[in-house]
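Only one structure is covered here, and it is reproduced in the block below.
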Amino acid sequence: MCIFTTPEVRCQTSCIGANLLAAIYIGVWYTVPMPKIGGNKTTWDLSYLLKGDNDPSISERLKEVEEKNYAFINKWKNRRDYLVDPKILKKALDEYEGLCANYGTSGSVGYYFWLRSAQEEGNPEIKAKCNKIGDLIIKLSNDIMFFTYNISKIPQNKQKKFLSCNELKDYKHFLELLFDEAKYLLTEPEEKIMNLESRTSYGNWVKMTWEFLSKEEREVLDKSGKKAKKTFSEIWSLLSDKNKKVRDTAAKVFNEILEKHVDVAEAEINSILDNKKVNDELRKMPRPDTYRHVSDDIDTEVVDVLVDVVSKNFEISKRYYELKAKLFGVEKLEYHERNVEYGRVSDRYPYGKSVEIVGKVFENLDKKFFDIFKDFVENGNIDVFPKKGKGGSAFCQYWLKTHPVYIFLNHGDRFDDVKTLAHEMGHAINNELMRKQNSLNFGTPLSTAEVASTFVEDFVVDEISKNANEEIKLAIMMARLDDCVGSIFRQIACYKFEQELHKSFREKGYLSKKEIGELFQKHMRAYMGEFVKLSSGSQNWWVQWSHIRDFFYVYSYASGLLISKSLRSFVKKDPKFIEKVKEFLGAGESRSPKEIFLDLGIDITDKKFWDKGLKEIDMLLKETERLAKKLKKI
């Protein structure tokens with residue numbers, strides 16, 4: 001998941017149950033002796049950032065960040081010459097770039113405590129420090145806002161002069177983005193107010209709902225079939241348990257929790273929909289999803305084509321659920337059973353074995369990929385194992401260009417854990433390759449954030465599939481389809497749900513929990529079809545779906561997966577194409593995704609491009625159906 005927040009937290013990518021694509025192994029590998037990778041460091045080494053939670057230099061470092069920001073602010077605040085002279089703008093941008101590369105608005109201290117908060121979610125001392133740092137970030141962000149704001153307001157008839165200036169070529173796309181966003185900006189004082197009120201009008205509402213849910217505990221059957229008290233997130237994980245009695249018990253209490261809090265969620269969702277409506281009206285946004293597209297550096301036309309093509313192919317996901325129901329020997333799957341894993345990949349994958357598999361894939365794909373991976377494993381850039389108090393899921397995090405990239409895992413020796421390691425390393429490789437960019441281009445647009453991760457992950461699954469017997473291959477193929485359906489069809493159904501949710505709210509002024517539930521079920525039914533039963537309680541599942549609070553974010557799962565599928569097919573045909581992939585991964589935000597992909601021979605505005613990717617998923621589904629029949633499973 002990508003969340004755009006402060007200047008240094010350009011993109012937090014949180015991924016679990018990562019996306020997989022269709023294809024059985026095709027021989028693009030060559031045999032090489034793989035250098036040994038040491039895996040002794042399984043906890044983050046954060047010493048580059050701080051010596052510890054009570055490092056005596058914390059206050060001094062934050063003071064330095066503040067001083068550097070205000071040195072820049074005081075120098076440029078009352079000047080206007082950089083808005084008319086490209087040479088002076090170049091000097092100002094160079095200084096701003098250096099500030100963003102080395103200090104941002106919280107420096108290494110902010111990064112350190114953000115990472116520590118993931119290691120110890122319930123630690124009140126870390127929470128307190130994060131809150132104080134957050135206050136500093138908001139203060140500095142508001143005070144330095146004038147610089148990019150003023151640039152964005154350079155008159156349109158003079159913008160071409162700056163964009164064509166050779167001296168500013170390294171900042172061209174950064175300027176293009178500012179100019180594009182300018183039409184939706186309010187006055188500078190109004191923008192500051194918008195920043196300040198976002199916590200009370202949006203953030204606190206969303207946080208409230210999640211905290212109510214996360215504090216819930218219920219007695220359920222655990223994986224061993226014994227009664228045990230479990231948290232909300234633990235109950236969520238049991239919904240897909242192989243034991244039907246366990247998952248049905250979990251679903252019953254899960255639905256009870258959602259029902260308990262649905263009235264609060266109704267108030268919350270209406271409040272943040274109202275806040276979004278007001279903000280869009282003030283900014284004169286033509287559509288509720290326009291701001292998302294502007295932020296993601298992607299044309300609305302591209303997203304509309306993607307949504308339309310996927311929606312017209314919902315028959316693929318419906319057929320998949322029909323196959324899954326048959327494999328499970330039921331007429332219909334319950335809604336909470338749609339993600340239950342079919343079959344079992346029998347091997348255990350301890351962390352050392354996972355490292356060996358992923359390392360082998362990287363060594364065969366590209367030496368640079370392998371070298372980055374080796375450094376991460378050996379230098380303490382991966383926090384590997386679950387611990388008490390540690391957050392769930394997995395992510396890859398970068399902050400400033402000058403800071404290390406870190407990966408967060410909860411490795412449990414499962415097939416999924418190998419995929420997750422590969423997935424997060426895809427993000428890490430992406431982040432390392434774009435270090436050649438200046439700090440204003442150091443980032444990945446949300447629209448392409450999942451490309452590297454799913455690209456890498458698929459090659460790893462191919463490696464595991466090579467020597468599998470047909471029973472295990474069927475399980476792996478079903479897992480691939482499960483991820484494709486969840487990441488493409490389900491997310492586009494969610495996107496359409498969001499579109500109708502915002503439209504209905506703006507027409508009616510308020511939506512009841514019943515109306516929201518009906519809209520939710522309508523769009524879930526559209527992609528699942530008749531072989532998944534929208535049983536009692538499913539109407540409230542929007543309550544815990546965090547993505548619909550991060551408005552219109554979900555299309556990026558589908559776009560990232562289908563684009564990575566295309567890149568992967570090119571590499572399979574010609575292994576040398578990996579150099580082009582590296583060019584894309586290293587481009588950062590130096591150009592728009594559309595321009596970057598056109599250089600690779602991919603036109604993401606073309607309906608045929610998205611159709612091609614969906615046809616490959618359809619082919620995998622047909623192949624899976626044939627194998628299931630051959631094994632007499634259906």
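Quick note on naming: the chains in the structure tokens go A, B, ... in the order shown, residues restart at 1 in each chain, and ligands are numbered from 1 in order of appearance.
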
DSSP says strand (DSSP E) for which residues of region 227-292 of chain A? Put them as a short mmCIF file (atom, residue, chain, number, x, y, z; two decimals) with C-alpha atoms, in the first residue's frame?
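Output file part.cif follows:
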```
data_model
loop_
_atom_site.label_atom_id
_atom_site.label_comp_id
_atom_site.auth_asym_id
_atom_site.auth_seq_id
_atom_site.Cartn_x
_atom_site.Cartn_y
_atom_site.Cartn_z
CA LYS A 227 -11.03 -22.16 22.35
CA ALA A 228 -8.82 -19.11 22.85
CA LYS A 229 -9.22 -15.35 23.17
CA LYS A 230 -8.05 -13.60 20.01
CA THR A 231 -7.66 -9.99 18.90
#
```

Exercise: region 53-59 of chain A partners within 9 Å, only C-alpha atoms, chain neighbours under 3 positions left out, as a list in words: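 The contact residues come out as Leu50, Leu62, Lys63, Glu64, Val109, Tyr112, Phe113, Arg116 and Ile126 of chain A.
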
DSSP-assigned helix (DSSP H, G or I) members of region 198-339 of chain A, reported as an NGL selection string: :A and (198-214 or 232-238 or 244-283 or 290-295 or 300-311 or 314-327 or 335-337)

Residue among A:Glu424, A:Glu623, A:Asp143, A:Asp85 lying closest to Val456 (chain A), counting only C-alpha atoms: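 Smallest separation from Val456 (chain A) among the options: A:Glu424.
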
Nearby residues (only C-alpha atoms) at most 10 Å from region 246-258 of chain A, same-chain spacing under 3 positions excluded, as number ranges by chain: A: 212-213, 216-227, 230, 232-243, 261-263, 265, 334-337, 340, 536-544
